[in-house]
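Enquirer: One file: structure37.tsv (TSV, C-alpha atoms).
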chain	number	residue	atom	x	y	z
A	11	MET	CA	40.65	52.83	-36.49
A	12	PRO	CA	39.98	49.23	-37.64
A	13	PHE	CA	36.61	48.76	-39.32
A	14	LEU	CA	34.62	46.45	-37.01
A	15	ASP	CA	31.47	44.65	-38.08
A	16	THR	CA	28.94	46.76	-36.19
A	17	ARG	CA	26.16	44.30	-36.99
A	18	VAL	CA	27.69	41.96	-34.38
A	19	PRO	CA	27.20	43.13	-30.77
A	20	ALA	CA	29.51	42.36	-27.87
A	21	VAL	CA	28.56	40.94	-24.46
A	22	LEU	CA	30.98	41.55	-21.57
A	23	LEU	CA	30.69	39.09	-18.68
A	24	ARG	CA	32.04	39.77	-15.19
A	25	ILE	CA	30.99	37.68	-12.18
A	26	ASP	CA	33.32	39.41	-9.72
A	27	ARG	CA	31.53	42.17	-7.78
A	28	ASN	CA	34.41	44.70	-7.78
A	29	PRO	CA	32.87	48.12	-8.70
A	30	PHE	CA	36.34	49.55	-9.42
A	31	HIS	CA	37.12	47.17	-12.30
A	32	HIS	CA	38.37	49.71	-14.83
A	33	GLY	CA	39.15	47.01	-17.41
A	34	THR	CA	35.43	46.52	-18.00
A	35	LEU	CA	35.02	50.23	-18.69
A	36	GLY	CA	38.00	50.10	-21.07
A	37	ALA	CA	36.36	47.31	-23.08
A	38	VAL	CA	33.02	49.16	-23.16
A	39	ARG	CA	34.66	52.30	-24.52
A	40	SER	CA	36.95	50.51	-26.98
A	41	LEU	CA	34.11	48.66	-28.68
A	42	GLY	CA	31.51	51.38	-28.27
A	43	ARG	CA	33.71	53.99	-29.92
A	44	ALA	CA	34.04	51.65	-32.89
A	45	GLY	CA	30.26	51.55	-33.24
A	46	VAL	CA	29.68	48.12	-31.67
A	47	GLU	CA	26.57	47.63	-29.53
A	48	VAL	CA	27.87	46.73	-26.05
A	49	HIS	CA	25.95	44.76	-23.43
A	50	VAL	CA	27.41	44.27	-19.94
A	51	VAL	CA	26.53	41.31	-17.72
A	52	ALA	CA	27.83	42.53	-14.35
A	53	ASP	CA	26.71	43.92	-11.02
A	54	SER	CA	25.46	47.43	-11.71
A	55	THR	CA	24.92	48.46	-8.07
A	56	GLY	CA	26.98	51.60	-7.74
A	57	SER	CA	29.21	50.61	-10.66
A	58	PRO	CA	30.60	53.60	-12.60
A	59	VAL	CA	30.56	51.44	-15.75
A	60	ARG	CA	26.77	51.65	-16.01
A	61	ARG	CA	27.09	55.42	-16.46
A	62	SER	CA	29.05	55.08	-19.69
A	63	ARG	CA	27.28	56.38	-22.76
A	64	PHE	CA	28.68	53.42	-24.69
A	65	VAL	CA	26.71	50.81	-22.69
A	66	ARG	CA	23.59	49.70	-24.54
A	67	GLU	CA	22.22	47.69	-21.61
A	68	MET	CA	23.31	46.30	-18.22
A	69	HIS	CA	22.16	42.76	-17.42
A	70	PRO	CA	22.13	41.05	-13.99
A	71	PRO	CA	25.11	38.70	-13.58
A	72	PRO	CA	25.14	35.16	-12.20
A	73	ALA	CA	25.57	35.08	-8.43
A	74	PRO	CA	29.11	34.62	-7.04
A	75	GLY	CA	29.73	30.90	-6.80
A	76	ALA	CA	27.05	30.13	-9.42
A	77	SER	CA	27.22	26.73	-11.08
A	78	THR	CA	28.15	26.35	-14.72
A	79	GLY	CA	24.50	25.59	-15.52
A	80	GLU	CA	23.35	28.78	-13.82
A	81	ILE	CA	25.90	30.82	-15.77
A	82	VAL	CA	24.74	29.26	-19.04
A	83	THR	CA	21.12	30.05	-18.14
A	84	ALA	CA	21.98	33.69	-17.39
A	85	LEU	CA	23.88	34.06	-20.67
A	86	ARG	CA	21.08	32.46	-22.68
A	87	ARG	CA	18.69	35.01	-21.17
A	88	VAL	CA	20.95	37.81	-22.37
A	89	ALA	CA	21.28	36.18	-25.81
A	90	ALA	CA	17.50	36.07	-26.15
A	91	ARG	CA	17.31	39.78	-25.39
A	92	VAL	CA	20.19	40.67	-27.76
A	93	SER	CA	18.46	38.48	-30.38
A	94	ARG	CA	21.48	37.83	-32.62
A	95	PRO	CA	24.91	36.17	-32.28
A	96	ALA	CA	27.34	38.26	-30.21
A	97	VAL	CA	31.03	38.21	-29.35
A	98	LEU	CA	31.31	37.09	-25.72
A	99	ILE	CA	34.20	38.54	-23.69
A	100	PRO	CA	34.86	37.24	-20.16
A	101	MET	CA	36.38	40.03	-18.04
A	102	ASP	CA	37.48	38.08	-14.94
A	103	ASP	CA	38.93	34.65	-14.22
A	104	ALA	CA	35.67	33.17	-12.90
A	105	SER	CA	33.95	34.14	-16.14
A	106	ALA	CA	36.77	32.88	-18.34
A	107	VAL	CA	36.84	29.50	-16.60
A	108	ALA	CA	33.04	29.14	-16.77
A	109	VAL	CA	32.90	30.05	-20.46
A	110	GLY	CA	35.70	27.59	-21.19
A	111	ARG	CA	33.76	24.81	-19.48
A	112	CYS	CA	30.48	25.41	-21.29
A	113	ARG	CA	31.63	26.63	-24.68
A	114	GLU	CA	29.53	24.14	-26.64
A	115	HIS	CA	26.38	25.12	-24.70
A	116	LEU	CA	26.82	28.78	-25.61
A	117	ALA	CA	27.02	28.28	-29.37
A	118	PRO	CA	25.55	29.47	-31.67
A	119	SER	CA	24.36	32.42	-29.55
A	120	TYR	CA	27.93	33.55	-28.89
A	121	LEU	CA	31.13	33.78	-30.91
A	122	LEU	CA	34.19	32.44	-29.05
A	123	PRO	CA	37.81	31.58	-29.90
A	124	GLN	CA	38.56	27.93	-30.67
A	125	GLN	CA	40.26	27.30	-27.35
A	126	PRO	CA	41.58	23.78	-26.73
A	127	GLY	CA	39.65	21.86	-24.06
A	128	ALA	CA	39.90	23.21	-20.51
A	129	LEU	CA	43.03	25.24	-21.27
A	130	ALA	CA	41.70	28.48	-19.75
A	131	GLU	CA	41.04	26.70	-16.46
A	132	ARG	CA	44.48	25.06	-16.48
A	133	VAL	CA	46.43	28.27	-16.91
A	134	ALA	CA	44.24	30.27	-14.49
A	135	ASP	CA	44.80	27.66	-11.75
A	136	LYS	CA	48.07	28.72	-10.12
A	137	ALA	CA	48.93	25.15	-9.10
A	138	GLU	CA	48.49	23.94	-12.68
A	139	LEU	CA	50.45	26.90	-14.02
A	140	ALA	CA	53.62	25.76	-12.26
A	141	ALA	CA	53.41	22.43	-14.11
A	142	VAL	CA	52.55	24.17	-17.41
A	143	CYS	CA	55.68	26.33	-17.11
A	144	GLU	CA	57.87	23.37	-16.26
A	145	ARG	CA	56.72	21.47	-19.33
A	146	ALA	CA	57.16	24.51	-21.58
A	147	GLY	CA	60.56	25.44	-20.18
A	148	VAL	CA	59.34	28.86	-19.02
A	149	PRO	CA	60.88	30.16	-15.76
A	150	HIS	CA	58.49	30.08	-12.80
A	151	PRO	CA	59.21	30.62	-9.09
A	152	VAL	CA	59.82	27.40	-7.17
A	153	THR	CA	56.38	26.37	-5.90
A	154	LEU	CA	55.43	23.89	-3.18
A	155	ILE	CA	51.91	22.61	-2.38
A	156	PRO	CA	51.66	21.49	1.27
A	157	ASP	CA	49.28	18.75	2.39
A	158	SER	CA	49.20	19.65	6.10
A	159	PRO	CA	49.92	22.58	8.44
A	160	GLU	CA	53.23	20.96	9.31
A	161	GLN	CA	54.17	20.70	5.64
A	162	ALA	CA	53.22	24.35	5.19
A	163	ALA	CA	55.64	25.38	7.91
A	164	ALA	CA	58.37	23.14	6.54
A	165	ALA	CA	57.84	24.45	3.00
A	166	ALA	CA	58.18	28.03	4.23
A	167	TRP	CA	61.57	27.23	5.76
A	168	GLN	CA	62.62	25.21	2.74
A	169	LEU	CA	61.90	28.06	0.33
A	170	GLY	CA	63.48	30.65	2.62
A	171	LEU	CA	61.41	33.30	4.37
A	172	PRO	CA	59.68	35.45	3.29
A	173	VAL	CA	57.62	33.40	0.84
A	174	VAL	CA	54.61	34.17	-1.34
A	175	ALA	CA	51.36	32.39	-0.45
A	176	LYS	CA	48.70	32.00	-3.15
A	177	TRP	CA	45.36	30.27	-3.44
A	178	SER	CA	45.36	28.12	-6.54
A	179	ARG	CA	41.87	29.26	-7.63
A	180	PRO	CA	41.47	32.78	-6.29
A	181	TRP	CA	38.14	33.31	-8.05
A	182	LEU	CA	36.62	30.91	-5.46
A	183	LEU	CA	37.54	33.07	-2.45
A	184	PRO	CA	34.33	33.99	-0.60
A	185	ALA	CA	33.49	37.68	-0.28
A	186	GLY	CA	33.97	39.08	3.19
A	187	SER	CA	36.40	36.35	4.28
A	188	GLY	CA	39.38	38.69	4.48
A	189	LEU	CA	41.38	36.20	2.41
A	190	ARG	CA	43.47	37.63	-0.40
A	191	SER	CA	44.59	35.84	-3.53
A	192	THR	CA	48.27	36.57	-2.85
A	193	VAL	CA	50.10	37.54	0.35
A	194	VAL	CA	53.72	37.66	1.51
A	195	VAL	CA	54.23	35.25	4.42
A	196	ARG	CA	57.03	36.11	6.85
A	197	SER	CA	56.91	33.21	9.31
A	198	ALA	CA	56.21	29.49	9.41
A	199	ARG	CA	53.37	30.20	11.82
A	200	GLU	CA	51.66	32.44	9.23
A	201	ALA	CA	51.97	29.66	6.64
A	202	GLN	CA	50.34	27.18	9.01
A	203	ALA	CA	47.48	29.57	9.81
A	204	LEU	CA	46.76	30.13	6.12
A	205	TYR	CA	46.75	26.40	5.39
A	206	LEU	CA	44.07	25.89	8.05
A	207	ARG	CA	41.76	28.17	6.01
A	208	ALA	CA	42.05	26.11	2.81
A	209	GLU	CA	38.53	24.69	3.09
A	210	GLU	CA	37.13	28.20	3.50
A	211	ALA	CA	39.21	29.42	0.53
A	212	GLY	CA	37.86	26.68	-1.72
A	213	SER	CA	41.21	25.71	-3.26
A	214	ARG	CA	44.75	24.63	-2.45
A	215	LEU	CA	47.38	26.79	-0.78
A	216	LEU	CA	50.62	27.29	-2.71
A	217	LEU	CA	53.88	28.54	-1.24
A	218	GLN	CA	56.23	30.14	-3.73
A	219	ALA	CA	59.80	31.40	-3.63
A	220	PHE	CA	59.87	35.16	-3.11
A	221	LEU	CA	61.39	37.21	-5.92
A	222	PRO	CA	61.94	40.71	-4.49
A	223	PRO	CA	60.36	43.56	-6.45
A	224	GLY	CA	62.44	46.46	-7.63
A	225	PRO	CA	62.84	49.08	-10.35
A	226	ASP	CA	62.30	47.60	-13.83
A	227	LEU	CA	61.63	44.10	-12.46
A	228	ASP	CA	57.82	43.86	-12.80
A	229	TRP	CA	56.51	43.32	-16.33
A	230	PHE	CA	53.32	42.23	-18.06
A	231	PHE	CA	52.36	41.15	-21.54
A	232	HIS	CA	48.92	41.48	-23.12
A	233	GLY	CA	47.92	39.97	-26.42
A	234	TYR	CA	45.36	38.26	-28.61
A	235	VAL	CA	46.03	34.98	-30.40
A	236	ASP	CA	44.09	34.76	-33.65
A	237	ARG	CA	42.84	31.70	-35.56
A	238	SER	CA	46.25	31.22	-37.18
A	239	GLY	CA	48.07	31.27	-33.83
A	240	ALA	CA	49.65	34.71	-34.34
A	241	VAL	CA	50.02	36.98	-31.30
A	242	CYS	CA	48.67	40.48	-32.01
A	243	GLY	CA	46.87	43.43	-30.48
A	244	GLY	CA	49.15	43.96	-27.48
A	245	GLY	CA	52.74	43.92	-26.32
A	246	PRO	CA	55.13	44.08	-23.34
A	247	GLY	CA	54.73	46.65	-20.59
A	248	ARG	CA	56.60	47.65	-17.47
A	249	LYS	CA	54.79	48.12	-14.18
A	250	GLN	CA	56.07	51.42	-12.80
A	251	LEU	CA	53.72	51.61	-9.82
A	252	ALA	CA	51.59	48.93	-8.17
A	253	TRP	CA	48.68	49.06	-5.76
A	254	PRO	CA	49.18	47.69	-3.15
A	255	ARG	CA	52.86	48.54	-3.39
A	256	GLY	CA	55.18	45.78	-4.55
A	257	ALA	CA	52.68	43.07	-5.47
A	258	GLY	CA	49.38	44.58	-6.53
A	259	LEU	CA	47.65	45.60	-9.73
A	260	THR	CA	49.20	48.04	-12.19
A	261	ALA	CA	48.53	51.63	-11.12
A	262	VAL	CA	51.00	53.10	-13.63
A	263	GLY	CA	52.31	51.11	-16.61
A	264	ARG	CA	54.34	51.95	-19.68
A	265	TRP	CA	54.54	50.25	-23.09
A	266	THR	CA	58.18	49.13	-23.23
A	267	PRO	CA	59.66	47.05	-26.08
A	268	ASN	CA	61.28	43.85	-24.81
A	269	PRO	CA	62.36	41.32	-27.48
A	270	GLN	CA	63.43	38.77	-24.86
A	271	LEU	CA	60.01	38.79	-23.20
A	272	GLN	CA	58.23	38.79	-26.56
A	273	SER	CA	60.11	35.66	-27.60
A	274	LEU	CA	59.35	33.91	-24.29
A	275	VAL	CA	55.62	34.68	-24.58
A	276	GLU	CA	55.38	33.50	-28.18
A	277	GLN	CA	57.15	30.27	-27.22
A	278	LEU	CA	54.69	29.60	-24.38
A	279	ILE	CA	51.61	30.48	-26.44
A	280	GLY	CA	52.79	28.25	-29.28
A	281	ASP	CA	53.47	25.30	-26.98
A	282	LEU	CA	50.02	25.58	-25.40
A	283	GLY	CA	48.09	26.11	-28.62
A	284	TYR	CA	46.30	28.95	-26.82
A	285	ARG	CA	43.66	31.04	-28.64
A	286	GLY	CA	42.00	34.27	-27.49
A	287	VAL	CA	42.91	37.16	-25.20
A	288	PHE	CA	45.54	36.76	-22.49
A	289	ASP	CA	47.27	38.82	-19.80
A	290	LEU	CA	50.56	37.58	-18.33
A	291	ASP	CA	52.46	38.90	-15.29
A	292	PHE	CA	56.23	38.48	-15.00
A	293	ARG	CA	58.93	39.37	-12.51
A	294	ARG	CA	62.53	39.51	-13.62
A	295	ASP	CA	65.05	37.96	-11.26
A	296	GLY	CA	67.53	40.73	-10.55
A	297	ALA	CA	70.36	38.22	-10.10
A	298	SER	CA	69.84	35.92	-13.10
A	299	GLY	CA	68.00	38.31	-15.43
A	300	ARG	CA	65.40	35.62	-16.20
A	301	TYR	CA	61.72	36.52	-16.51
A	302	HIS	CA	59.55	34.35	-14.25
A	303	LEU	CA	55.87	33.94	-15.14
A	304	LEU	CA	53.77	34.70	-12.06
A	305	ASP	CA	50.21	34.69	-13.44
A	306	PHE	CA	48.41	33.70	-16.63
A	307	ASN	CA	45.01	35.39	-16.94
A	308	PRO	CA	42.92	33.97	-19.83
A	309	ARG	CA	41.04	37.24	-20.44
A	310	PRO	CA	41.77	40.94	-20.96
A	311	GLY	CA	43.90	42.53	-18.26
A	312	ALA	CA	42.56	45.63	-16.53
A	313	GLN	CA	45.20	47.84	-18.21
A	314	PHE	CA	44.81	46.40	-21.72
A	315	ARG	CA	44.09	49.85	-23.15
A	316	LEU	CA	47.76	50.71	-22.62
A	317	PHE	CA	48.35	48.81	-25.87
A	318	ALA	CA	45.90	50.74	-28.06
A	319	ASP	CA	48.24	51.30	-31.00
A	320	GLY	CA	48.52	53.85	-33.78
A	321	ALA	CA	46.11	51.82	-35.95
A	322	GLY	CA	43.46	51.86	-33.20
A	323	LEU	CA	43.95	48.17	-32.41
A	324	ASP	CA	43.78	46.65	-28.91
A	325	VAL	CA	43.09	43.10	-27.71
A	326	VAL	CA	39.28	43.36	-27.53
A	327	ARG	CA	39.07	44.91	-31.00
A	328	ALA	CA	41.42	42.21	-32.29
A	329	LEU	CA	39.09	39.58	-30.79
A	330	HIS	CA	36.00	41.12	-32.39
A	331	LEU	CA	37.70	41.48	-35.79
A	332	ASP	CA	39.01	37.92	-35.79
A	333	LEU	CA	35.75	36.28	-34.67
A	334	THR	CA	33.78	38.20	-37.32
A	335	HIS	CA	36.36	37.25	-39.98
A	336	ARG	CA	37.55	40.80	-40.54
A	337	PRO	CA	41.19	41.54	-41.38
A	338	LEU	CA	43.37	42.91	-38.61
A	339	PRO	CA	45.34	46.06	-39.45
A	340	ASP	CA	49.12	45.99	-39.46
A	341	PRO	CA	50.43	46.74	-35.96
A	342	ALA	CA	51.53	50.30	-35.24
A	343	PRO	CA	53.26	50.15	-31.80
A	344	LEU	CA	53.41	53.24	-29.60
A	345	PRO	CA	56.35	52.55	-27.25
A	346	GLY	CA	56.47	54.91	-24.30
A	347	ARG	CA	52.69	55.21	-24.05
A	348	ALA	CA	51.50	55.15	-20.42
A	349	PHE	CA	48.37	53.97	-18.60
A	350	VAL	CA	47.37	55.45	-15.23
A	351	VAL	CA	44.64	54.39	-12.78
A	352	GLU	CA	43.71	57.72	-11.19
A	353	ASN	CA	42.29	56.51	-7.88
A	354	TYR	CA	45.46	54.50	-7.15
A	355	ALA	CA	47.95	57.02	-8.56
A	356	PRO	CA	46.35	60.49	-8.50
A	357	LEU	CA	49.62	62.41	-8.69
A	358	SER	CA	50.83	60.39	-11.68
A	359	ALA	CA	47.53	61.13	-13.43
A	360	LEU	CA	48.29	64.86	-13.25
A	361	LEU	CA	51.81	64.63	-14.71
A	362	PRO	CA	52.27	64.85	-18.50
A	363	LYS	CA	53.69	61.74	-20.21
A	364	SER	CA	56.16	62.20	-23.07
A	365	GLY	CA	54.88	59.17	-25.01
A	366	GLY	CA	51.20	59.93	-24.49
A	367	SER	CA	48.91	58.33	-21.93
A	368	GLU	CA	45.42	57.07	-21.19
A	369	LEU	CA	43.55	57.29	-17.91
A	370	ALA	CA	41.53	54.36	-16.66
A	371	TRP	CA	38.43	56.36	-15.70
A	372	HIS	CA	38.47	59.86	-17.17
A	373	ALA	CA	37.69	60.34	-20.86
A	374	ARG	CA	36.58	63.55	-22.54
A	375	ASP	CA	34.00	61.75	-24.64
A	376	ASP	CA	32.60	59.78	-21.67
A	377	LEU	CA	32.77	61.90	-18.51
A	378	ALA	CA	30.08	60.29	-16.34
A	379	PRO	CA	31.96	57.10	-15.28
A	380	GLY	CA	34.96	59.09	-14.02
A	381	LEU	CA	32.77	61.40	-11.95
A	382	ALA	CA	30.84	58.42	-10.55
A	383	MET	CA	34.11	56.66	-9.69
A	384	TRP	CA	35.38	59.58	-7.58
A	385	ALA	CA	32.12	59.76	-5.64
A	386	LEU	CA	32.21	56.00	-5.02
A	387	TRP	CA	35.93	56.07	-4.18
A	388	GLY	CA	35.40	58.85	-1.63
A	389	ARG	CA	32.78	56.77	0.18
A	390	HIS	CA	35.02	53.69	-0.01
A	391	VAL	CA	38.02	55.47	1.53
A	392	THR	CA	35.89	57.10	4.24
A	393	ARG	CA	34.42	53.73	5.19
A	394	ARG	CA	37.86	52.11	5.33
A	395	LEU	CA	39.23	54.87	7.56
A	396	ARG	CA	36.22	54.65	9.87
A	397	ASP	CA	36.54	50.87	10.16
A	398	ARG	CA	40.24	51.20	10.91
A	399	ALA	CA	39.58	53.80	13.63
A	400	GLN	CA	36.95	51.59	15.27
A	401	ARG	CA	39.09	48.45	15.17
A	402	PRO	CA	40.20	47.43	18.71
A	403	ALA	CA	43.91	47.66	19.41
A	404	PRO	CA	45.65	44.27	19.15
A	405	VAL	CA	46.56	42.54	22.39
A	406	ALA	CA	50.27	41.88	22.71
A	407	ALA	CA	50.94	38.15	22.35
A	408	GLN	CA	53.59	36.20	24.19
A	409	PRO	CA	56.52	35.34	21.92
A	410	ARG	CA	56.46	31.80	20.60
A	411	ILE	CA	59.63	29.95	19.68
A	412	VAL	CA	59.37	27.94	16.46
A	413	ARG	CA	62.10	25.44	15.74
A	414	GLN	CA	63.87	26.18	12.48
A	415	SER	CA	64.48	23.52	9.86
A	416	GLY	CA	66.67	25.95	7.97
A	417	PRO	CA	68.27	29.36	8.28
A	418	GLN	CA	66.00	32.40	8.41
A	419	ASN	CA	66.79	35.09	5.86
A	420	PRO	CA	66.94	38.66	7.16
A	421	LEU	CA	64.54	41.02	5.39
A	422	THR	CA	65.81	43.86	3.30
A	423	ASP	CA	64.07	47.23	3.30
A	424	ASP	CA	62.59	46.41	-0.13
A	425	GLU	CA	61.14	43.15	1.16
A	426	LYS	CA	59.61	44.89	4.17
A	427	ALA	CA	57.91	47.34	1.82
A	428	SER	CA	56.59	44.74	-0.59
A	429	SER	CA	53.80	43.30	1.53
A	430	CYS	CA	50.59	42.62	-0.36
Would you mind writing the file out in structure tokens?
Expert:
Amino acid sequence: MPFLDTRVPAVLLRIDRNPFHHGTLGAVRSLGRAGVEVHVVADSTGSPVRRSRFVREMHPPPAPGASTGEIVTALRRVAARVSRPAVLIPMDDASAVAVGRCREHLAPSYLLPQQPGALAERVADKAELAAVCERAGVPHPVTLIPDSPEQAAAAAWQLGLPVVAKWSRPWLLPAGSGLRSTVVVRSAREAQALYLRAEEAGSRLLLQAFLPPGPDLDWFFHGYVDRSGAVCGGGPGRKQLAWPRGAGLTAVGRWTPNPQLQSLVEQLIGDLGYRGVFDLDFRRDGASGRYHLLDFNPRPGAQFRLFADGAGLDVVRALHLDLTHRPLPDPAPLPGRAFVVENYAPLSALLPKSGGSELAWHARDDLAPGLAMWALWGRHVTRRLRDRAQRPAPVAAQPRIVRQSGPQNPLTDDEKASSC
């Protein structure tokens, strides 16, 4: 295990209210096991993370939609309680963007990577990411940004149905709206209806060419970029099971060497001058073999512990070592290692993995969060089933003929199954 400077605490910041965010628990355990004092600024209501024995203290987070000034005020309150400089680790996009905006106001209370300007906000914004990829020569699905409902319908036909609809700044989506960051749109009418909710969503609607999922096509890459610009602490992984199926988060992932993807990532990171932790999502085009970048998350991904290597290094430990000017150990990759999120893939969690594995929630040295998760998950599933049973049956609508501006593509079985 790398020798971390245990005199320097860590503060994890998460504004999102998702109680099932296992990435936060992974960061708590990774740093806590190394002897680092861990503070968590996140909603603790019902959160299994607060039950971890490695949490020194939970602190109330800024409210969803809080201004940058309010976030700075909340973090300064935590800094006063911690009483010494700490490594600050944003755990969701809203936090990463806010910290990027107010970096100078957080020093010297917090240690942060020397990130250029508003780079975190640029890459997290899905509209900006398309332009970033174009300039860097990195494959990205063809993306159109409509300016009216009519343009949304036309863009859907132009790209060829089905298409992927995304909100450019998903961290702004209001809770309880029913809006999702990414959905598969199967008609021009659906595209128009989504566009009409842009003001409610708080950001622009993007329509993107649909790359069908399939075996060995969904990949991710986690890493940390140190002060010298070297990528370390992570690697390429293959998404073996997603939740929801076809376009959701990684329920089962495996560390899989991929020199082509490694080279593409290092090219992009070098062109951007990026520093800090990152999590990239790719989909390989089955026809061309090219890896298309779908998302750039400027923070640790939820499954980052997949890449805990033989030297005990992962991206959050790499961040802490680098910011405290400690040497990073030589990498010791563990290809074949698996990561399983038990509540999304319970059967996979029970099966032995030849290359070794880590579970998102259960840990022998920290049992309480896993037990709390199952209790919370049981209530969550029961509530969802009850709501579904009480939902009124839909009224059959009269068919509406929409004029086509291009041919409609028939859906394959895989495409039908890939709905978000």
Enquirer: Please identify all polymer residues within 9 Å of range 385-394 of chain A, counting only C-alpha atoms, omitting same-chain residues fewer than 2 positions from it, and present them as a ChimeraX atom specification.
Expert: /A:29-30,56-58,353,380-383,396-399
Enquirer: Around range 227-241 of chain A, with edges along x, y and z and 6 Å added on all six sides, what centre and edge lengths do you get, in Å to one decimal, as JSON?
Expert:
{"center_x": 52.2, "center_y": 37.7, "center_z": -24.8, "size_x": 30.8, "size_y": 24.9, "size_z": 36.7}
Enquirer: Please build the interface table for range 228-272 of chain A against range 123-134 of chain A with a cut-off of 9 Å, listing for each qualifying residue the nearest atom pair and the distance in Å to one decimal; count only C-alpha atoms, order rows by chain and increasing number, and write it as a tab-separated table.
Expert:
residue	atom	partner	partner_atom	distance
A:Val235	CA	A:Pro123	CA	8.9
A:Asp236	CA	A:Pro123	CA	8.0
A:Arg237	CA	A:Gln124	CA	7.5
Enquirer: Please identify all polymer residues within 7 Å of Thr334 in chain A, counting all atoms listed in the file, omitting same-chain residues fewer than 3 positions from it, and present them as a ChimeraX atom specification.
Expert: /A:15,330-331
Enquirer: Give me the range 167-273 of chain A side of the contact with range 283-296 of chain A, cut-off 9 Å, one line per residue showing its nearest atom pair and distance in Å at one decimal, counting only C-alpha atoms, sorted by chain and residue number, as a Markdown table.
Expert:
| residue | atom | partner | partner_atom | distance |
| --- | --- | --- | --- | --- |
| A:Leu221 | CA | A:Asp295 | CA | 6.5 |
| A:Pro222 | CA | A:Asp295 | CA | 7.9 |
| A:Pro223 | CA | A:Arg293 | CA | 7.5 |
| A:Gly224 | CA | A:Gly296 | CA | 8.2 |
| A:Asp226 | CA | A:Arg294 | CA | 8.1 |
| A:Leu227 | CA | A:Arg294 | CA | 4.8 |
| A:Asp228 | CA | A:Arg293 | CA | 4.6 |
| A:Trp229 | CA | A:Phe292 | CA | 5.0 |
| A:Phe230 | CA | A:Asp291 | CA | 4.4 |
| A:Phe231 | CA | A:Leu290 | CA | 5.1 |
| A:His232 | CA | A:Asp289 | CA | 4.6 |
| A:Gly233 | CA | A:Phe288 | CA | 5.6 |
| A:Tyr234 | CA | A:Val287 | CA | 4.3 |
| A:Val235 | CA | A:Arg285 | CA | 4.9 |
| A:Asp236 | CA | A:Arg285 | CA | 6.3 |
| A:Arg237 | CA | A:Arg285 | CA | 7.0 |
| A:Ser238 | CA | A:Arg285 | CA | 8.9 |
| A:Gly239 | CA | A:Arg285 | CA | 6.8 |
Enquirer: Could you pull the residues within 8 Å of Phe349 in chain A, counting all atoms listed in the file, minus those fewer than 6 positions along the same chain, as a PyMOL selection string?
Expert: chain A and resi 261-264+313+315-316+367-370
Enquirer: Output the selection as a PDB file, in the coordinates of the input - C-alpha atoms for each residue.
Expert:
ATOM      1  CA  ALA A 261      48.530  51.630 -11.120  1.00  0.00           C
ATOM      2  CA  VAL A 262      51.000  53.100 -13.630  1.00  0.00           C
ATOM      3  CA  GLY A 263      52.310  51.110 -16.610  1.00  0.00           C
ATOM      4  CA  ARG A 264      54.340  51.950 -19.680  1.00  0.00           C
ATOM      5  CA  GLN A 313      45.200  47.840 -18.210  1.00  0.00           C
ATOM      6  CA  ARG A 315      44.090  49.850 -23.150  1.00  0.00           C
ATOM      7  CA  LEU A 316      47.760  50.710 -22.620  1.00  0.00           C
ATOM      8  CA  SER A 367      48.910  58.330 -21.930  1.00  0.00           C
ATOM      9  CA  GLU A 368      45.420  57.070 -21.190  1.00  0.00           C
ATOM     10  CA  LEU A 369      43.550  57.290 -17.910  1.00  0.00           C
ATOM     11  CA  ALA A 370      41.530  54.360 -16.660  1.00  0.00           C
TER      12      ALA A 370
END
Enquirer: Taking the point (25.9, 61.3, -17.3) as given in the file, collect each protein or nucleic acid residue that comes within 10 Å of it, counting all atoms listed in the file, and present the set as a PyMOL selection string.
Expert: chain A and resi 60-63+376-382
Enquirer: Go through A:Arg255, A:Arg196, A:His302, A:Lys136 and flag the residue nearest Leu274 in chain A, using only C-alpha atoms for the distances.
Expert: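 So, comparing all the options, the nearest one is A:His302.
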Enquirer: Quick check, in Å to one decimal: how far apart do CA of His372 in chain A and CA of Pro71 in chain A lie?
Expert: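 Going from CA of His372 in chain A over to CA of Pro71 in chain A, I get 25.3 Å.
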Enquirer: Which is closest to Arg248 in chain A among A:Gly299, A:Pro74, A:Pro310, A:Gly346, if we use only C-alpha atoms?
Expert: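 The shortest atom-to-atom distance to Arg248 in chain A comes from A:Gly346.
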Enquirer: Restricting the calculation to all atoms listed in the file: of A:Val109, A:Ala104, A:Val326, A:Ala373, which residue gets closest to Leu41 in chain A?
Expert: A:Val326
Enquirer: Can you work out which one of A:Leu357, A:Leu22, A:Leu251, A:Val351 has the shortest atom-to-atom distance to Val51 in chain A, counting all atoms listed in the file?
Expert: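 The answer is A:Leu22, which sits nearest to Val51 in chain A.
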Enquirer: From the set A:Ala175, A:Arg214, A:Ala328, A:Thr260, which residue has the shortest atom-to-atom contact distance to Gly311 in chain A, counting all atoms listed in the file?
Expert: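 Closest candidate: A:Thr260.
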Enquirer: What does the distance between CA of Cys112 in chain A and CA of Leu98 in chain A come to in Å, to one decimal place?
Expert: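 That distance, rounded to one decimal, is 12.5 Å.
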Enquirer: Would you mind telling me which residue in A:Arg66, A:Arg309, A:Arg145, A:Arg87 lies nearest to Ala108 in chain A when using all atoms listed in the file?
Expert: A:Arg309
Enquirer: Could you tell me how far CA of Gly79 in chain A sits from CA of Ile25 in chain A, in Å to one decimal place?
Expert: 14.1 Å
